[in-house]
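Here's the structure, in structure tokens; my notes come after.
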Amino acid sequence: MAHHSDDTKEMDIRSLSSSQHQVQNFPYIHKVGLPPKQNLFNEFKTTVKETFFADDPLRHFKDQPKSRKFILGLQAIFPILRWVRNYNFSKFRGDLIAGLTIASLCIPQDIGYAKLANLEPQYGLYSSFVPPLVYSFMGSSRDIAIGPVAVVSLLLGTMLQNEIDSSENAAEYLRLAFTATFFAGITQATLGFLRLGFLIDFLSHAAVVGFMGGAAITIALQQLKGFLGIKKFTKKTDIVSVLHSVFGSANHGWNWQTIVIGSSFLAFLLFAKYIGKKNKKLFWVSAIAPLISVVLSTFFVYVTHAEKQGVQIVRHIDKGINPPSIDKIYFTGDNLLKGFRIGVVAGMIALTEAVAIGRTFASMKDYQLDGNKEMVALGVMNVVGSITSCYVTTGSFSRSAVNYMAGCQTAVSNIIMSIVVFLTLEFLTPLFKYTPNAILSSIIISAVIGLIDFEAAILIWKIDKFDFIACMGAFFGVVFASVETGLLIAVSISFAKILLQVTRPRTAILGRIPRTNVYRNIQQYPEATKVPGVLIVRVDSAIYFSNSNYIRERILRWLTDEEEQLKASCLPKIQFLIVEMSR
């Protein structure tokens with residue numbers, strides 16, 4: 001009986017082989033097995049685990065005693081406890097040099113960025129004191145330098161100004177800024193805690209390049225007020241309004257002494273930046289150049305009394321460390337909703353920038369960065385900052401690059417920077433009284449020039465024209481409309497591309513590369529040859545209900561086009577269609 005059954009199987013296999021055009025040596029038939037059945041709860045639990053906990057963050061807690069679990073829990077919340085045991089003098093020396101270097105860069109930048117956010121100069125310094133300390137204990141990046149950044153400062157200042165005029169109601173404006181910072185932190189921490197960090201990846205690289213470039217142009221144009229010594233300046237950020245305001249005051253509003261100071265030190269800063277890029281060992285030249293510029297320009301104005309000739313100066317920076325501000329945050333009323341909306345937008349942009357910077361330097365030093373932990377650290381940092389008179393802070397690319405090149409080893413470099421800022425707030429703020437606004441404008445202009453990435457835009461154009469449209473859409477939206485409009489365009493085009501790729505996936509005809517068994521896209525590999533009588537089509541996406549009809553129609557069109565070409569060339573018709581879906 002068993003023998004008869006074996007004969008029958010062999011006959012079935014032979015008949016199957018002959019029906020498939022004499023395919024030889026086909027000894028086995030493989031059936032696709034069904035996955036084991038699961039009840040609804042287990043299936044739901046598995047799906048949630050694979051979606052949100054793919055890295056199994058609680059793996060280290062398994063089979064551990066309670067005391068060990070407690071220690072591991074503390075180390076998960078405060079990564080500093082994990083590496084501080086191995087900290088030594090050699091690492092401290094690197095962190096000390098890096099911390100002092102980024103402090104020399106951050107102090108003048110912070111004063112300028114605070115003005116960009118329409119806040120008093122001391123709030124920029126406050127934001128480089130408390131937040132870096134919090135991040136040093138909770139962050140997992142060794143290289144990121146925390147503080148105010150140009151793009152977030154501009155975004156925050158623009159959105160706050162649309163709600164409350166900073167010149168007419170400075171107290172309410174400040175309260176709204178703290179409220180927005182609080183909700184920016186809540187947004188960031190929530191995304192990290194719920195492991196929703198993948199949401200920031202929906203903003204495509206092309207859109208970010210365009211948005212950053214447009215923001216850099218807008219920021220530089222805004223600095224023309226201080227650079228040219230203009231007193232009456234538009235509150236709008238679009239290029240048309242700014243240029244109209246600049247040239248409208250050319251006859252009576254420009255101050256030539258201010259222009260001389262600004263131009264001279266801008267040339268010095270750009271030259272220092274050029275030296276730093278040309279010779280990596282001289283990175284410290286570009287890092288310390290802003291502080292040198294502030295010292296020299298302040299001394300020059302003090303000696304010559306240039307402020308009496310119309311040169312605008314900082315005049316006053318409050319002395320002392322951050323005062324508490326929890327009583328200034330709106331927890332009720334209309335301003336609560338305004339602060340929440342502004343905070344969510346500012347928090348997401350700050351998060352995108354910080355995570356991108358952290359990942360960049362982590363890959364350069366070959367260590368793992370937990371994106372969700374980073375979000376929680378940044379969120380807690382901004383929540384604490386909001387109750388200690390700080391506005392939204394994040395990772396600064398220019399400072400982080402200097403931190404990296406200065407030889408930082410751990411987050412202690414941020415602690416060193418905070419100590420220097422603390423000493424500045426306690427003892428040195430009166431020295432900035434005669435610092436000209438023109439030098440702050442020059443520092444900001446030289447800093448944001450690096451945000452315009454021409455090479456990335458050209459590469460995007462060569463690789464993907466749709467991505468280039470997203471890049472230019474975000475760029476022109478920021479430059480000709482507003483920061484919010486540019487951001488909306490960037491997000492909209494990014495989502496549109498995702499939907500387009502899902503519903504209209506790419507397809508390609510494959511050919512065999514000579515002398516190999518490898519099949520590739522015939523458009524990318526012109527030497528690849530088609531197999532006579534066989535059409536091989538690759539679908540570059542999974543098949544969903546939203547794209548199944550399109551894929552069927554596209555494959556049929558490939559078949560029709562191929563049949564017409566073969567008929568015109570008097571070649572054999574297509575006998576087989578192979579759809580390659582291994583991706």
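Each chain in the structure tokens gets a letter, A, B, ..., in the order shown, and its residues are numbered from 1; ligands are numbered from 1 in order too.
Residues surrounding stretch 305-320 of chain A within 8 Å are A:Glu120, A:Pro121, A:Gln122, A:Gly226, A:Gly229, A:Asn255, A:Gln257, A:Thr258, A:Val301, A:Leu425, A:Glu426, A:Phe427, A:Thr429, A:Pro430, A:Phe432, A:Lys433, A:Tyr434, A:Thr435, A:Pro436, A:Asn437, A:Ala438 [only C-alpha atoms; sequence separation below 4 positions excluded].
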Inset, instruction - Report the residues of stretch 9-191 of chain A whose backbone DSSP state falls under helix (DSSP H, G or I), written as a PyMOL selection string. - result: chain A and resi 9-19+40-52+59-61+66-77+80-86+89-116+121-126+130-138+150-163+170-191
Dump as a CSV table (one decimal), in the first residue's frame, selection limited to C-alpha atoms:
```
chain,number,residue,atom,x,y,z
A,9,LYS,CA,3.5,10.6,-5.9
A,10,GLU,CA,6.2,10.0,-8.5
A,11,MET,CA,3.7,10.0,-11.4
A,12,ASP,CA,2.2,13.2,-10.1
A,13,ILE,CA,5.6,14.9,-9.9
A,14,ARG,CA,6.5,13.6,-13.4
A,15,SER,CA,3.3,15.0,-14.9
A,16,LEU,CA,3.8,18.3,-13.1
A,17,SER,CA,7.4,18.5,-14.5
A,18,SER,CA,6.3,17.8,-18.1
A,19,SER,CA,3.5,20.3,-17.9
A,40,LEU,CA,-7.0,37.8,19.7
A,41,PHE,CA,-5.2,39.1,22.8
A,42,ASN,CA,-1.9,37.4,22.0
A,43,GLU,CA,-2.0,38.5,18.4
A,44,PHE,CA,-2.7,42.1,19.5
A,45,LYS,CA,0.1,41.9,22.1
A,46,THR,CA,2.6,40.6,19.5
A,47,THR,CA,1.7,43.3,17.0
A,48,VAL,CA,2.1,46.1,19.6
A,49,LYS,CA,5.5,44.6,20.7
A,50,GLU,CA,6.8,44.4,17.2
A,51,THR,CA,5.5,48.0,16.4
A,52,PHE,CA,6.6,49.9,19.5
A,59,ARG,CA,15.4,42.5,28.1
A,60,HIS,CA,18.1,43.5,30.6
A,61,PHE,CA,15.6,43.3,33.5
A,66,LYS,CA,15.0,43.3,42.7
A,67,SER,CA,18.1,45.3,43.8
A,68,ARG,CA,19.7,44.8,40.4
A,69,LYS,CA,16.5,45.8,38.6
A,70,PHE,CA,16.4,49.0,40.7
A,71,ILE,CA,19.9,49.9,39.7
A,72,LEU,CA,19.2,49.1,36.0
A,73,GLY,CA,16.1,51.3,36.2
A,74,LEU,CA,18.1,54.2,37.5
A,75,GLN,CA,20.7,53.7,34.8
A,76,ALA,CA,18.0,53.6,32.1
A,77,ILE,CA,16.7,57.0,33.3
A,80,ILE,CA,25.4,59.0,33.4
A,81,LEU,CA,25.3,56.4,36.2
A,82,ARG,CA,26.3,53.7,33.7
A,83,TRP,CA,29.5,55.4,32.4
A,84,VAL,CA,30.6,57.5,35.4
A,85,ARG,CA,32.3,54.5,37.1
A,86,ASN,CA,34.8,54.3,34.2
A,89,PHE,CA,41.3,62.1,34.2
A,90,SER,CA,42.1,61.5,30.6
A,91,LYS,CA,38.5,61.7,29.6
A,92,PHE,CA,38.0,64.7,31.9
A,93,ARG,CA,40.9,66.6,30.1
A,94,GLY,CA,39.1,66.1,26.8
A,95,ASP,CA,35.8,67.2,28.2
A,96,LEU,CA,37.3,70.2,29.9
A,97,ILE,CA,38.9,71.5,26.7
A,98,ALA,CA,35.7,70.8,24.7
A,99,GLY,CA,33.5,72.4,27.4
A,100,LEU,CA,35.6,75.6,27.5
A,101,THR,CA,35.7,75.8,23.7
A,102,ILE,CA,31.9,75.5,23.2
A,103,ALA,CA,31.3,77.9,26.1
A,104,SER,CA,33.3,80.6,24.3
A,105,LEU,CA,31.1,79.9,21.2
A,106,CYS,CA,27.8,79.7,23.0
A,107,ILE,CA,27.9,82.9,25.1
A,108,PRO,CA,27.8,85.4,22.2
A,109,GLN,CA,25.5,83.1,20.2
A,110,ASP,CA,23.0,82.8,23.1
A,111,ILE,CA,22.7,86.6,23.5
A,112,GLY,CA,22.0,86.9,19.7
A,113,TYR,CA,19.6,84.0,19.6
A,114,ALA,CA,17.6,85.4,22.5
A,115,LYS,CA,17.1,88.6,20.4
A,116,LEU,CA,16.0,86.4,17.5
A,121,PRO,CA,19.7,88.6,26.3
A,122,GLN,CA,19.8,87.0,29.7
A,123,TYR,CA,17.2,84.4,28.7
A,124,GLY,CA,19.6,83.0,26.1
A,125,LEU,CA,22.3,82.6,28.8
A,126,TYR,CA,19.7,81.0,31.2
A,130,VAL,CA,20.0,74.6,33.3
A,131,PRO,CA,19.1,72.5,30.2
A,132,PRO,CA,22.6,71.3,29.5
A,133,LEU,CA,22.9,70.1,33.1
A,134,VAL,CA,19.7,68.1,32.9
A,135,TYR,CA,20.7,66.6,29.6
A,136,SER,CA,24.1,65.6,30.9
A,137,PHE,CA,22.4,63.3,33.4
A,138,MET,CA,19.6,62.0,31.2
A,150,ALA,CA,18.9,79.8,15.4
A,151,VAL,CA,16.0,78.0,13.6
A,152,VAL,CA,14.0,77.2,16.8
A,153,SER,CA,14.6,80.7,18.1
A,154,LEU,CA,13.3,82.2,14.9
A,155,LEU,CA,10.3,79.9,14.8
A,156,LEU,CA,9.4,80.5,18.4
A,157,GLY,CA,9.8,84.3,18.0
A,158,THR,CA,7.7,84.4,14.9
A,159,MET,CA,4.8,82.3,16.3
A,160,LEU,CA,4.8,84.1,19.6
A,161,GLN,CA,4.9,87.5,17.9
A,162,ASN,CA,1.8,86.5,15.9
A,163,GLU,CA,-0.1,86.1,19.1
A,170,ALA,CA,6.6,92.1,27.1
A,171,ALA,CA,5.4,90.4,30.3
A,172,GLU,CA,2.6,88.5,28.5
A,173,TYR,CA,4.9,87.6,25.7
A,174,LEU,CA,7.5,86.1,28.1
A,175,ARG,CA,4.8,84.1,29.9
A,176,LEU,CA,3.6,82.7,26.6
A,177,ALA,CA,7.2,81.8,25.7
A,178,PHE,CA,7.6,79.8,29.0
A,179,THR,CA,4.2,78.1,28.3
A,180,ALA,CA,5.3,77.1,24.8
A,181,THR,CA,8.6,75.7,26.2
A,182,PHE,CA,6.7,73.7,28.8
A,183,PHE,CA,4.5,72.1,26.2
A,184,ALA,CA,7.4,71.6,23.8
A,185,GLY,CA,9.0,69.5,26.6
A,186,ILE,CA,5.8,67.6,27.3
A,187,THR,CA,5.4,66.8,23.6
A,188,GLN,CA,9.0,65.5,23.3
A,189,ALA,CA,8.9,63.5,26.5
A,190,THR,CA,5.5,62.0,25.6
A,191,LEU,CA,6.7,60.9,22.1
```
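Taking only C-alpha atoms, the non-local environment of A:Asn372 within 8 Å (same-chain residues fewer than 6 positions away omitted) comprises Leu191, Gly192, Phe193, Arg195, Leu196 and Gly197 of chain A.
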Legend entry - 6 Å contact set for stretch 392-406 of chain A, only C-alpha atoms, chain neighbours under 6 positions out, as a ChimeraX atom specification: /A:98,102,143-149,181,350,354
Where does stretch 367-453 of chain A meet stretch 268-280 of chain A within 8 Å, residue by residue, with the nearest atom pair and distance in Å to one decimal for each, counting only C-alpha atoms, listed by chain and rising number, as a tab-separated table?
```
residue	atom	partner	partner_atom	distance
A:Met405	CA	A:Lys280	CA	7.9
A:Ser442	CA	A:Leu269	CA	7.9
A:Ile443	CA	A:Leu269	CA	7.3
A:Ser446	CA	A:Leu270	CA	6.2
```
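You can rank A:Gly511, A:Gly385, A:Val294, A:Gly379 by their closest distance to A:Pro324 using only C-alpha atoms, and at the top of that list sits A:Gly385.
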Legend entry - Atom pair atom CA of A:Val303 / atom CA of A:Ala267: separation (Å): 22.1 Å
Legend entry - 9 Å contact set for stretch 555-564 of chain A, only C-alpha atoms, chain neighbours under 2 positions out, as a list in words: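 Contacts, with the query itself left out: Thr507, Ile509, Leu535, Val537, Tyr550, Ile551, Arg552, Glu553, Leu566, Lys567, Ala568, Ser569, Lys573, Ile574, Leu577 and Val579 of chain A.
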Legend entry - Selection: 12 Å around A:Asn517, only C-alpha atoms, excl. self and same-chain fewer than 3 positions, as number ranges by chain: A: 510-514, 520, 528-529, 531
Legend entry - A:Asp467 surroundings by only C-alpha atoms, 12 Å radius, close-in-sequence under 3 positions cut, as an NGL selection string: :A and (203-210 or 456-464 or 470-474 or 490 or 493-498 or 500-501)
Inset, instruction - Could you give me, as a list in words, each residue of stretch 485-539 of chain A that DSSP assigns to strand (DSSP E or B) when run on this structure's backbone? - result: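 Answer for stretch 485-539 of chain A, restricted to strand (DSSP E or B): Thr507, Ala508, Ile509, Leu510, Gly511, Arg512, Tyr519, Arg520, Asn521, Thr529, Val534, Leu535, Ile536, Val537, Arg538 and Val539 of chain A.
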